[in-house]
Structure formats: structure tokens, C-alpha cells
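S.K.: This is the structure, below, for whatever I ask next.
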Amino acid sequence: MTTDQQQEVRTPVEIFLSAQQTVLAAVTDGLPKATLVPDRLEDAASADVGQTPSEVVYTENKLELLHYESLTEHQHRVPILIVYALINRPYILDLQPDRSIVRRLLEAGHDVYLIDWHEPSRLDQHLGLQDYVNRYIDNCVDEVRERSGQDVINLLGYCMGGTPSTMYAALYPEKVNALGLMATGLYFDDTGGVLELWGDEDYYDPRAVTDTFGNVPGEFLAVGFGLMDPVANNVIKYGHLYDRLENEDFVRNFTRMEQWLSDSVDVAGEVYVEFLEDVYQDNLLYENELTIGGEHVDITNVDMPLLQIVGEYDNLVPSEASKQFNDVAGADDVSTLEYPSGHVGLAMSNGAHRDLWPEVAEWFLEHSEQPTFADVIGEGVEQALDVDVETDVAVGDVDEMEVVLADDEGEIARDEVKRDATAIETFFEDELGVEVGLDIGPTGIAVEVETDEGVETTVVEDIGEAIRTEVEEAVEEVAVAASYDLDDVEGIGPTYAERLRSGGLESVSELAVADEAHVAEVAEANEELAGTWIDRARELVGIEESDEGADE
């Protein structure tokens with residue numbers, strides 16, 4: 001491509017601004033607004049997209065599986081795999097830092113992966129749903145499962161990517177923990193969508209396109225989407241841009257959005273035909289009659305927790321094209337978040353990132369939490385003492401968990417407890433006045449709760465390997481702590497040890513999770529010395545750093 005040709009390849013925004021500059025200069029004889037255009041063209045050229053750091057951890061044919069760098073010290077165990085649409089580029093989900101679905105999930109402590117399909121070549125024109133669902137998505141899921149050490153993972157399907165995600169969940173329910181679907185078309189029978197009308201078999205034959213082009217050109221699709229509302233998409237929005245030329249941030253945001261809209265990719269011919277004929281025109285997925293590679297896609301197998309994220313004003317995928325599926329899926333746990341926005345607004349509006357996506361992150365967390373050390377002790381305590389125990393992890397705060405104890409008379413205790421064995425066991429023992437012990441057996445974990453009236457033992461069964469490993473490590477940690485006495489902590493002599501015991505700190509475990517000011521008070525020592533004792537106690541029980549060190 002020559003230099004002259006390169007100069008001719010311009011985005012719609014650049015074309016519009018250049019035209020506006022010419023018109024304004026002629027009509028207004030150089031009024032101030034005309035002088036803004038060169039600066040705004042420079043702003044438009046500097047608008048970056050997809051800035052959240054990631055690495056490619058798996059490739060197959062054209063697709064790349066991205067793994068995003070975490071934004072929190074620890075991540076929730078069950079990762080989220082985003083299955084992007086086959087149309088356009090995935091950076092709409094990471095448009096800019098304050099409008100990035102990827103970042104919202106990372107900020108909430110989730111471990112995030114994303115499938116970037118890239119553009120198929122002419123050799124890929126025969127790829128169908130069998131290839132995308134049973135090969136590509138399944139291989140990516142297995143890669144994420146292996147990397148995370150989890151038997152099941154979460155899926156979040158976006159737009160056209162949500163439909164094959166649903167098919168995958170029906171075919172491989174044993175690998176999917178929870179399924180989130182964003183603006184996903186699943187039901188097509190008089191939902192009011194323009195595309196449903198245009199794609200009706202009475203008017204449109206998708207094979208006429210693929211017989212001509214092989215793959216469906218991205219430009220063909222882009223023009224179709226633009227014509228759904230031609231005045232708004234080609235006239236009105238540029239009027240809004242003109243009115244706000246003074247606003248540099250608005251122009252950059254506008255440019256990023258326009259860059260994505262014009263950055264279309266081709267769609268493999270066969271998957272396009274199968275999608276249009278089987279899903280759009282014949283509604284086979286909703287009717288539970290779809291087959292892929294000769295295998296029935298039984299939507300009653302979609303029995304994992306299901307979340308529908310829909311736009312109230314979405315004219316591309318009307319909310320009814322998504323919500324109707326809730327009635328036929330096999331899931332008992334179904335949630336719908338309907339937000340007052342259009343199709344793209346779900347991904348990039350300020351309101352959605354303020355109100356909607358924290359709820360989505362919370363939903364995935366609530367449906368991903370596996371039993372923890374606290375849950376095992378809690379079940380034993382509930383059985384032994386008839387006390388209700390609830391544990392919860394706040395979004396983004398994966399280092400602590402809230403533990404609530406209550407009985408028939410009301411709440412006994414509520415606190416944020418550090419997620420380590422010593423702190424959790426100490427909390428239960430201090431608040432309930434009991435001694436807790438654990439033993440690992442072949443069928444589960446035995447929880448022994450010792451009170452003044454004796455010992456009550458409960459066997460907690462149906463736990464996975466992850467929680468078994470956690471409990472094994474926790475038992476070892478607590479056992480190590482129990483093998484030390486306060487006098488074994490360097491710097492604590494008999495006098496200080498006796499003062500600490502009198503103040504209720506009878507073990508190294510309790511000292512390790514104690515408050516520095518409280519230790520100083522009961523030992524009649526300064527806080528610096530108390531902090532040194534706590535650090536040494538934490539080293540003995542295997543806790544890497546003190547709370548003070550963590551804050552630093």
C-alpha cells in the first residue's frame with residue numbers, strides 16, 4: 001500500500017471531522033469551532049483500546065485464548081471464561097479503563113480468560129457449530145480448567161458468543177459451574193427484532209451470501225447493522241459529536257466506539273448458515289430440537305445457575321429473545337438483570353459499569369464459592385450447638401470473609417475474619433467458648449466440638465478435592481500452632497506469658513491473630529514490642545505476614 005493510499009484509509013470519525021472542518025471554514029469564515037477540528041483529529045488518532053494487560057495462553061487455528069493479569073492480590077478459585085461473539089473485535093469488553101467489563105471482573109477478584117476468535121481465512125469457510133462448540137470452546141474450557149486446577153469453570157457469553165456457550169453448557173454440563181449470557185439471542189418467534197424480520201426464511205437465504213463470498217464479509221454485516229437505524233447511526237450521532245467538540249474525553253470515547261463499529265471481521269460461512277437457519281429461522285435451540293455433529297443439544301441439561309444480562313432498549317437482540325429461554329432451560333436457579341440501555345450500552349455505558357457490572361461480578365462470586373475451611377467448621381458447630389453459621393466473601397476482598405453466628409435469640413457475633421486456619425478456628429472458639437478439632441477421614445472431615453458437657457462429632461461429607469486439600473493444610477497449620485507455647489515465642493518470658501494468659505491469650509495461635517493494641521495492653525508492654533511478638537507467632541504457625549505488613 002502506497003503512502004497516498006494509506007492516507008486515504010480513514011475512520012468514519014476522521015472523515016466526518018475533516019468534512020466538518022471544510023464546511024465550517026467555508027460557512028462560518030473560521031469561527032472558533034472550526035479551529036478545534038485538527039486537535040480533535042489528533043485526539044481521535046491517540047484513542048487506545050484494549051489496554052488491560054493479558055497474555056496468550058493457548059492458540060488453535062486463528063483463535064487466541066487470553067488470560068488477563070489480576071488486579072487483586074488473590075483471585076476467586078473458579079475462573080470466568082468469556083466467549084466473545086464471532087462478529088467484530090473483543091475490545092468492546094475492554095474499551096477503556098473506566099468502561100471495561102474485563103476490568104470490572106478483575107477488580108472484583110475474578111480470574112478472567114477470553115476467547116478472541118480473530119478473522120477466519122477462506123480455508124475456514126466450512127467451519128460450523130460442531131467446530132466452534134465441540135472443538136474450539138471445549139479445548140479452551142479444558143485449558144482454563146487445567147490452568148486453574150478446577151473441575152468446573154464459569155462461562156460468560158457475549159451476544160453471538162452466548163448462543164454457542166449455551167449449546168456448550170447443554171453438551172458439557174459437567175464442566176460448567178455457572179452460565180452468564182449477555183445480550184444473547186436464544187428465542188426467535190415474533191420478538192420484535194429487526195434482524196429477526198430480515199432473517200426470516202421468506203425473505204432471506206443465508207446460503208446466497210456464502211455461495212457468493214465463502215465467508216460472510218464483515219463489511220456486509222456492518223452495513224446491515226448500520227441500516228437497522230440509519231438516521232441515528234449515520235446522522236444524529238455525528239450531530240452529537242459536533243455539539244461536543246470542545247470535550248476532549250467525549251471525542252476520544254466516541255472515537256473508540258466508532259473504531260470498534262468499523263473494525264468488523266468476516267464470519268466463517270458454514271457457521272453463519274447454521275446459525276441463521278437452525279437458530280434464527282427454525283428456532284431449533286429453543287424448541288430443544290437442535291443437533292450438532294449428530295448429538296442432541298438437550299437444553300434441559302443447562303441445569304447450572306443461569307444469569308441473563310439484557311438491555312431494555314436493545315433493538316439488535318430484544319430482551320424477549322433472551323428471557324424466553326429461561327422457561328425451557330433446565331436450571332432452577334435463574335436470574336435476569338435487565339438494564340435500561342441498548343445493545344452496546346450494556347458493555348460501555350457509564351451507568352452499566354456503575355450499576356450493572358458490580359451485580360454481575362457479585363452473582364458469579366455467589367455461585368462460585370466452594371466450601372471453605374470455615375464452612376466445614378461451621379457445619380460441625382451448627383450440628384453440635386444448634387447455632388446458625390453463615391459465611392460470605394465480599395466482592396474484591398478475597399483475603400477476608402465475613403462470618404456470622406446466630407441462634408434462636410438472635411445474632412451472637414459477626415466479624416471479618418482473615419482467611420487462614422488459625423484466625424478462623426480462633427474466631428469460633430473465642431465467640432462460642434468451645435474447642436474445635438478436625439480429623440480427615442476417607443469419606444469426609446470429622447469436626448469435633450468440645451464444650452463443658454462433652455464432645456460432639458460431625459462428619460462433613462460431599463466435599464471436593466480442593467476443600468479436602470485446604471482442610472489438610474489447615475489441620476497441619478493448627479497442629480503446628482498447638483505444638484508451641486507462649487514461652488516459645490522469642491522475647492516472651494514467663495512474666496509476659498502469664499500476663500497474656502490472664503488477658504485471654506492462652507496460645508500462640510491466639511497471639512498470631514490478636515490485635516497489637518490489645519496485646520500491648522494486657523502484657524503491659526509497648527505496641528512495637530507487641531507487634532514483634534505477633535510477627536514471630538505468625539511465623540511459628542505458618543502465616544506469611546502480619547496484618548500490618550499486608551497493609552503496607
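Here's how to read the names in the C-alpha cells: chain A, B, ... by the order shown, residue numbers from 1 in each chain, ligand numbers from 1 in the order shown.
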Sort by chain and increasing residue number a table of all residues of stretch 265-367 of chain A within 9 Å of stretch 113-119 of chain A, each with its closest pair of atoms and their distance in Å to one decimal, counting only C-alpha atoms, and write it as a Markdown table.
M.R.:
| residue | atom | partner | partner_atom | distance |
| --- | --- | --- | --- | --- |
| A:Val265 | CA | A:Glu119 | CA | 5.5 |
| A:Asp266 | CA | A:Glu119 | CA | 5.9 |
| A:Val267 | CA | A:Glu119 | CA | 7.3 |
| A:Ala268 | CA | A:Glu119 | CA | 8.5 |
S.K.: Can those selected residues be exported to a file as a PDB file, in the first residue's frame so that it contains N, CA, C and O atoms?
M.R.:
ATOM      1  N   VAL A 265     -15.070  -8.091  11.314  1.00  0.00           N
ATOM      2  CA  VAL A 265     -14.349  -9.267  10.815  1.00  0.00           C
ATOM      3  C   VAL A 265     -15.320 -10.161  10.054  1.00  0.00           C
ATOM      4  O   VAL A 265     -16.533 -10.125  10.284  1.00  0.00           O
ATOM      5  N   ASP A 266     -14.773 -10.954   9.158  1.00  0.00           N
ATOM      6  CA  ASP A 266     -15.600 -11.912   8.420  1.00  0.00           C
ATOM      7  C   ASP A 266     -16.074 -13.025   9.364  1.00  0.00           C
ATOM      8  O   ASP A 266     -15.473 -13.277  10.417  1.00  0.00           O
ATOM      9  N   VAL A 267     -17.150 -13.690   8.978  1.00  0.00           N
ATOM     10  CA  VAL A 267     -17.675 -14.829   9.742  1.00  0.00           C
ATOM     11  C   VAL A 267     -17.598 -16.066   8.854  1.00  0.00           C
ATOM     12  O   VAL A 267     -17.981 -16.016   7.675  1.00  0.00           O
ATOM     13  N   ALA A 268     -17.102 -17.155   9.422  1.00  0.00           N
ATOM     14  CA  ALA A 268     -16.999 -18.399   8.657  1.00  0.00           C
ATOM     15  C   ALA A 268     -18.344 -18.759   8.047  1.00  0.00           C
ATOM     16  O   ALA A 268     -19.382 -18.722   8.711  1.00  0.00           O
TER      17      ALA A 268
END
S.K.: Give me every helix (DSSP H, G or I) residue in stretch 60-205 of chain A, going by DSSP on the backbone, as a ChimeraX atom specification.
M.R.: /A:90-93,101-107,122-124,129-148,159-171,173-175,194-198
S.K.: Write out as JSON, numbers by chain which residues come within 8 Å of stretch 209-225 of chain A when counting only C-alpha atoms, dropping same-chain ones fewer than 5 positions away.
M.R.: {"A": [87, 88, 120, 121, 122, 124, 125, 261, 262, 264, 265, 266, 267, 268, 269, 270, 272, 273]}
S.K.: For N, CA and C atoms, I'd like the residues from the last selection saved as a PDB file, in the first residue's frame.
M.R.:
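For reference, part00.pdb as written:
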ATOM      1  N   ILE A  87     -18.465 -11.804  15.595  1.00  0.00           N
ATOM      2  CA  ILE A  87     -18.548 -10.566  14.820  1.00  0.00           C
ATOM      3  C   ILE A  87     -17.799  -9.461  15.562  1.00  0.00           C
ATOM      4  N   ASN A  88     -17.084  -8.611  14.840  1.00  0.00           N
ATOM      5  CA  ASN A  88     -16.311  -7.513  15.409  1.00  0.00           C
ATOM      6  C   ASN A  88     -15.184  -8.026  16.311  1.00  0.00           C
ATOM      7  N   PRO A 120     -11.491 -15.431  10.266  1.00  0.00           N
ATOM      8  CA  PRO A 120     -11.259 -16.685   9.548  1.00  0.00           C
ATOM      9  C   PRO A 120     -10.706 -16.412   8.150  1.00  0.00           C
ATOM     10  N   SER A 121      -9.929 -17.351   7.666  1.00  0.00           N
ATOM     11  CA  SER A 121      -9.443 -17.260   6.279  1.00  0.00           C
ATOM     12  C   SER A 121     -10.426 -17.992   5.372  1.00  0.00           C
ATOM     13  N   ARG A 122     -10.156 -17.937   4.078  1.00  0.00           N
ATOM     14  CA  ARG A 122     -11.041 -18.624   3.137  1.00  0.00           C
ATOM     15  C   ARG A 122     -11.028 -20.142   3.371  1.00  0.00           C
ATOM     16  N   ASP A 124     -11.254 -21.464   6.150  1.00  0.00           N
ATOM     17  CA  ASP A 124     -12.113 -21.741   7.303  1.00  0.00           C
ATOM     18  C   ASP A 124     -13.599 -21.662   6.976  1.00  0.00           C
ATOM     19  N   GLN A 125     -13.954 -21.463   5.711  1.00  0.00           N
ATOM     20  CA  GLN A 125     -15.351 -21.208   5.380  1.00  0.00           C
ATOM     21  C   GLN A 125     -16.267 -22.382   5.693  1.00  0.00           C
ATOM     22  N   LEU A 261     -16.947  -0.229  15.919  1.00  0.00           N
ATOM     23  CA  LEU A 261     -18.029  -0.459  14.968  1.00  0.00           C
ATOM     24  C   LEU A 261     -17.516  -0.690  13.554  1.00  0.00           C
ATOM     25  N   SER A 262     -16.437  -0.023  13.201  1.00  0.00           N
ATOM     26  CA  SER A 262     -15.912  -0.161  11.843  1.00  0.00           C
ATOM     27  C   SER A 262     -14.868  -1.274  11.722  1.00  0.00           C
ATOM     28  N   SER A 264     -14.778  -4.494  11.690  1.00  0.00           N
ATOM     29  CA  SER A 264     -15.539  -5.730  11.545  1.00  0.00           C
ATOM     30  C   SER A 264     -14.659  -6.849  11.011  1.00  0.00           C
ATOM     31  N   VAL A 265     -15.070  -8.091  11.314  1.00  0.00           N
ATOM     32  CA  VAL A 265     -14.349  -9.267  10.815  1.00  0.00           C
ATOM     33  C   VAL A 265     -15.320 -10.161  10.054  1.00  0.00           C
ATOM     34  N   ASP A 266     -14.773 -10.954   9.158  1.00  0.00           N
ATOM     35  CA  ASP A 266     -15.600 -11.912   8.420  1.00  0.00           C
ATOM     36  C   ASP A 266     -16.074 -13.025   9.364  1.00  0.00           C
ATOM     37  N   VAL A 267     -17.150 -13.690   8.978  1.00  0.00           N
ATOM     38  CA  VAL A 267     -17.675 -14.829   9.742  1.00  0.00           C
ATOM     39  C   VAL A 267     -17.598 -16.066   8.854  1.00  0.00           C
ATOM     40  N   ALA A 268     -17.102 -17.155   9.422  1.00  0.00           N
ATOM     41  CA  ALA A 268     -16.999 -18.399   8.657  1.00  0.00           C
ATOM     42  C   ALA A 268     -18.344 -18.759   8.047  1.00  0.00           C
ATOM     43  N   GLY A 269     -18.356 -19.116   6.770  1.00  0.00           N
ATOM     44  CA  GLY A 269     -19.596 -19.294   6.031  1.00  0.00           C
ATOM     45  C   GLY A 269     -20.537 -20.329   6.616  1.00  0.00           C
ATOM     46  N   GLU A 270     -20.042 -21.515   6.940  1.00  0.00           N
ATOM     47  CA  GLU A 270     -20.926 -22.595   7.381  1.00  0.00           C
ATOM     48  C   GLU A 270     -21.560 -22.302   8.731  1.00  0.00           C
ATOM     49  N   TYR A 272     -22.220 -19.411   9.903  1.00  0.00           N
ATOM     50  CA  TYR A 272     -23.213 -18.375   9.660  1.00  0.00           C
ATOM     51  C   TYR A 272     -24.516 -18.983   9.155  1.00  0.00           C
ATOM     52  N   VAL A 273     -24.409 -19.906   8.211  1.00  0.00           N
ATOM     53  CA  VAL A 273     -25.604 -20.552   7.657  1.00  0.00           C
ATOM     54  C   VAL A 273     -26.321 -21.357   8.736  1.00  0.00           C
TER      55      VAL A 273
END
S.K.: Going by DSSP on the backbone, which residues of stretch 260-397 of chain A come out as strand (DSSP E)? List them as a PyMOL selection string.
M.R.: chain A and resi 291-292+295-296+306-311+334-339+388-392
S.K.: Given the choices A:Tyr91, A:Tyr204, A:Phe275, A:Tyr172, which gets closest to A:Leu186 if the distance is worked out from only C-alpha atoms?
M.R.: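 Of all the options, A:Phe275 lies closest to A:Leu186.
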S.K.: I'd like to know which of A:Asp407, A:Asp314, A:Asp278, A:Glu431 is closest to A:Thr163, using only C-alpha atoms.
M.R.: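 Ranking A:Asp407, A:Asp314, A:Asp278, A:Glu431 by distance to A:Thr163, first place goes to A:Asp278.
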S.K.: So how many Å separate atom CA of A:Gly185 and atom CA of A:Pro318, to one decimal?
M.R.: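 The value is 8.1 Å.
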S.K.: Which residues come within 8 Å of A:Ala347, counting only C-alpha atoms, excluding same-chain residues fewer than 5 positions away, as a list of chain:residue names?
M.R.: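 Those residues are A:Ile92, A:Leu93, A:Arg99, A:Ser100, A:Ile101, A:Ala352, A:His353.
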S.K.: So that I can see what lies close to A:Glu338, please list as a PyMOL selection string the residues with an atom at most 7 Å from it, counting only C-alpha atoms and leaving out residues fewer than 6 positions away in the same chain.
M.R.: chain A and resi 309-312
S.K.: Find the residues near A:His518: any atom within 9 Å, counting only C-alpha atoms, skip ones fewer than 5 places away on the same chain, and give them as a list of chain:residue names.
M.R.: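 Counting only the stated atoms, we get A:Gly503, A:Ala523, A:Glu527, A:Ala530.
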S.K.: Could you check the closest approach to A:Leu156 for each of A:Phe188, A:Tyr132, A:Phe428, A:Trp363 and tell me which residue wins, using only C-alpha atoms?
M.R.: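 Answer, going by the shortest atom-to-atom distance: A:Trp363.
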S.K.: Using only C-alpha atoms, which residues sit within 12 Å of A:Ala520 once same-chain residues fewer than 3 positions away are excluded, as a PyMOL selection string?
M.R.: chain A and resi 496+499-500+503+505+511+514-517+523-534
S.K.: Those selected residues, please, written with N, CA and C atoms and delivered as a PDB file, in the first residue's frame.
M.R.:
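So out_2.pdb came out as:
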ATOM      1  N   TYR A 496       5.684 -12.025  80.968  1.00  0.00           N
ATOM      2  CA  TYR A 496       4.813 -11.592  79.875  1.00  0.00           C
ATOM      3  C   TYR A 496       3.821 -12.697  79.493  1.00  0.00           C
ATOM      4  N   ARG A 499       0.948 -12.722  81.884  1.00  0.00           N
ATOM      5  CA  ARG A 499       0.047 -11.580  81.655  1.00  0.00           C
ATOM      6  C   ARG A 499      -0.838 -11.819  80.417  1.00  0.00           C
ATOM      7  N   LEU A 500      -0.236 -12.374  79.382  1.00  0.00           N
ATOM      8  CA  LEU A 500      -1.011 -12.639  78.176  1.00  0.00           C
ATOM      9  C   LEU A 500      -2.099 -13.671  78.446  1.00  0.00           C
ATOM     10  N   GLY A 503      -4.916 -12.238  80.206  1.00  0.00           N
ATOM     11  CA  GLY A 503      -5.707 -11.370  79.331  1.00  0.00           C
ATOM     12  C   GLY A 503      -6.484 -12.126  78.270  1.00  0.00           C
ATOM     13  N   LEU A 505      -5.208 -14.527  76.137  1.00  0.00           N
ATOM     14  CA  LEU A 505      -4.390 -15.035  75.022  1.00  0.00           C
ATOM     15  C   LEU A 505      -3.586 -16.215  75.547  1.00  0.00           C
ATOM     16  N   LEU A 511      -2.353 -15.536  69.826  1.00  0.00           N
ATOM     17  CA  LEU A 511      -1.463 -14.389  69.716  1.00  0.00           C
ATOM     18  C   LEU A 511      -1.247 -13.999  68.261  1.00  0.00           C
ATOM     19  N   ALA A 514      -4.063 -11.827  67.078  1.00  0.00           N
ATOM     20  CA  ALA A 514      -4.528 -10.818  68.030  1.00  0.00           C
ATOM     21  C   ALA A 514      -4.235  -9.413  67.522  1.00  0.00           C
ATOM     22  N   ASP A 515      -4.929  -8.445  68.116  1.00  0.00           N
ATOM     23  CA  ASP A 515      -4.724  -7.030  67.799  1.00  0.00           C
ATOM     24  C   ASP A 515      -3.525  -6.501  68.583  1.00  0.00           C
ATOM     25  N   GLU A 516      -2.686  -5.751  67.911  1.00  0.00           N
ATOM     26  CA  GLU A 516      -1.450  -5.246  68.507  1.00  0.00           C
ATOM     27  C   GLU A 516      -1.712  -4.415  69.757  1.00  0.00           C
ATOM     28  N   ALA A 517      -2.707  -3.557  69.705  1.00  0.00           N
ATOM     29  CA  ALA A 517      -3.011  -2.703  70.856  1.00  0.00           C
ATOM     30  C   ALA A 517      -3.493  -3.528  72.046  1.00  0.00           C
ATOM     31  N   ALA A 523      -0.358  -7.219  78.201  1.00  0.00           N
ATOM     32  CA  ALA A 523       1.003  -7.579  78.602  1.00  0.00           C
ATOM     33  C   ALA A 523       1.723  -6.445  79.299  1.00  0.00           C
ATOM     34  N   GLU A 524       1.083  -5.249  79.304  1.00  0.00           N
ATOM     35  CA  GLU A 524       1.704  -4.054  79.890  1.00  0.00           C
ATOM     36  C   GLU A 524       3.041  -3.783  79.207  1.00  0.00           C
ATOM     37  N   ALA A 525       2.991  -3.799  77.859  1.00  0.00           N
ATOM     38  CA  ALA A 525       4.175  -3.549  77.046  1.00  0.00           C
ATOM     39  C   ALA A 525       3.831  -2.513  75.988  1.00  0.00           C
ATOM     40  N   ASN A 526       4.852  -2.018  75.267  1.00  0.00           N
ATOM     41  CA  ASN A 526       4.561  -1.051  74.211  1.00  0.00           C
ATOM     42  C   ASN A 526       4.105  -1.793  72.941  1.00  0.00           C
ATOM     43  N   GLU A 527       3.452  -1.050  72.045  1.00  0.00           N
ATOM     44  CA  GLU A 527       2.877  -1.680  70.860  1.00  0.00           C
ATOM     45  C   GLU A 527       3.944  -2.202  69.901  1.00  0.00           C
ATOM     46  N   GLU A 528       5.097  -1.569  69.856  1.00  0.00           N
ATOM     47  CA  GLU A 528       6.165  -2.053  68.973  1.00  0.00           C
ATOM     48  C   GLU A 528       6.614  -3.446  69.384  1.00  0.00           C
ATOM     49  N   LEU A 529       6.778  -3.664  70.714  1.00  0.00           N
ATOM     50  CA  LEU A 529       7.167  -4.979  71.197  1.00  0.00           C
ATOM     51  C   LEU A 529       6.048  -5.997  70.949  1.00  0.00           C
ATOM     52  N   ALA A 530       4.801  -5.555  71.171  1.00  0.00           N
ATOM     53  CA  ALA A 530       3.669  -6.449  70.927  1.00  0.00           C
ATOM     54  C   ALA A 530       3.616  -6.863  69.462  1.00  0.00           C
ATOM     55  N   GLY A 531       3.872  -5.911  68.568  1.00  0.00           N
ATOM     56  CA  GLY A 531       3.879  -6.231  67.152  1.00  0.00           C
ATOM     57  C   GLY A 531       4.957  -7.235  66.790  1.00  0.00           C
ATOM     58  N   THR A 532       6.111  -7.144  67.430  1.00  0.00           N
ATOM     59  CA  THR A 532       7.188  -8.110  67.195  1.00  0.00           C
ATOM     60  C   THR A 532       6.766  -9.501  67.631  1.00  0.00           C
ATOM     61  N   TRP A 533       6.127  -9.612  68.803  1.00  0.00           N
ATOM     62  CA  TRP A 533       5.638 -10.914  69.266  1.00  0.00           C
ATOM     63  C   TRP A 533       4.636 -11.518  68.278  1.00  0.00           C
ATOM     64  N   ILE A 534       3.720 -10.681  67.799  1.00  0.00           N
ATOM     65  CA  ILE A 534       2.691 -11.171  66.859  1.00  0.00           C
ATOM     66  C   ILE A 534       3.347 -11.684  65.585  1.00  0.00           C
TER      67      ILE A 534
END
S.K.: Measuring atom to atom with only C-alpha atoms, identify which of A:Glu73, A:Asp535, A:Asp392, A:Glu274 is nearest to A:Asp131.
M.R.: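 Answer, going by the shortest atom-to-atom distance: A:Glu274.
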S.K.: Please report the interatomic distance between atom CA of A:Tyr339 and atom CA of A:Asp94 in Å with one decimal.
M.R.: 19.3 Å
S.K.: In Å to one decimal, how far is atom CA of A:Phe364 from atom CA of A:Thr391?
M.R.: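 Separation of atom CA of A:Thr391 and atom CA of A:Phe364: 16.2 Å.
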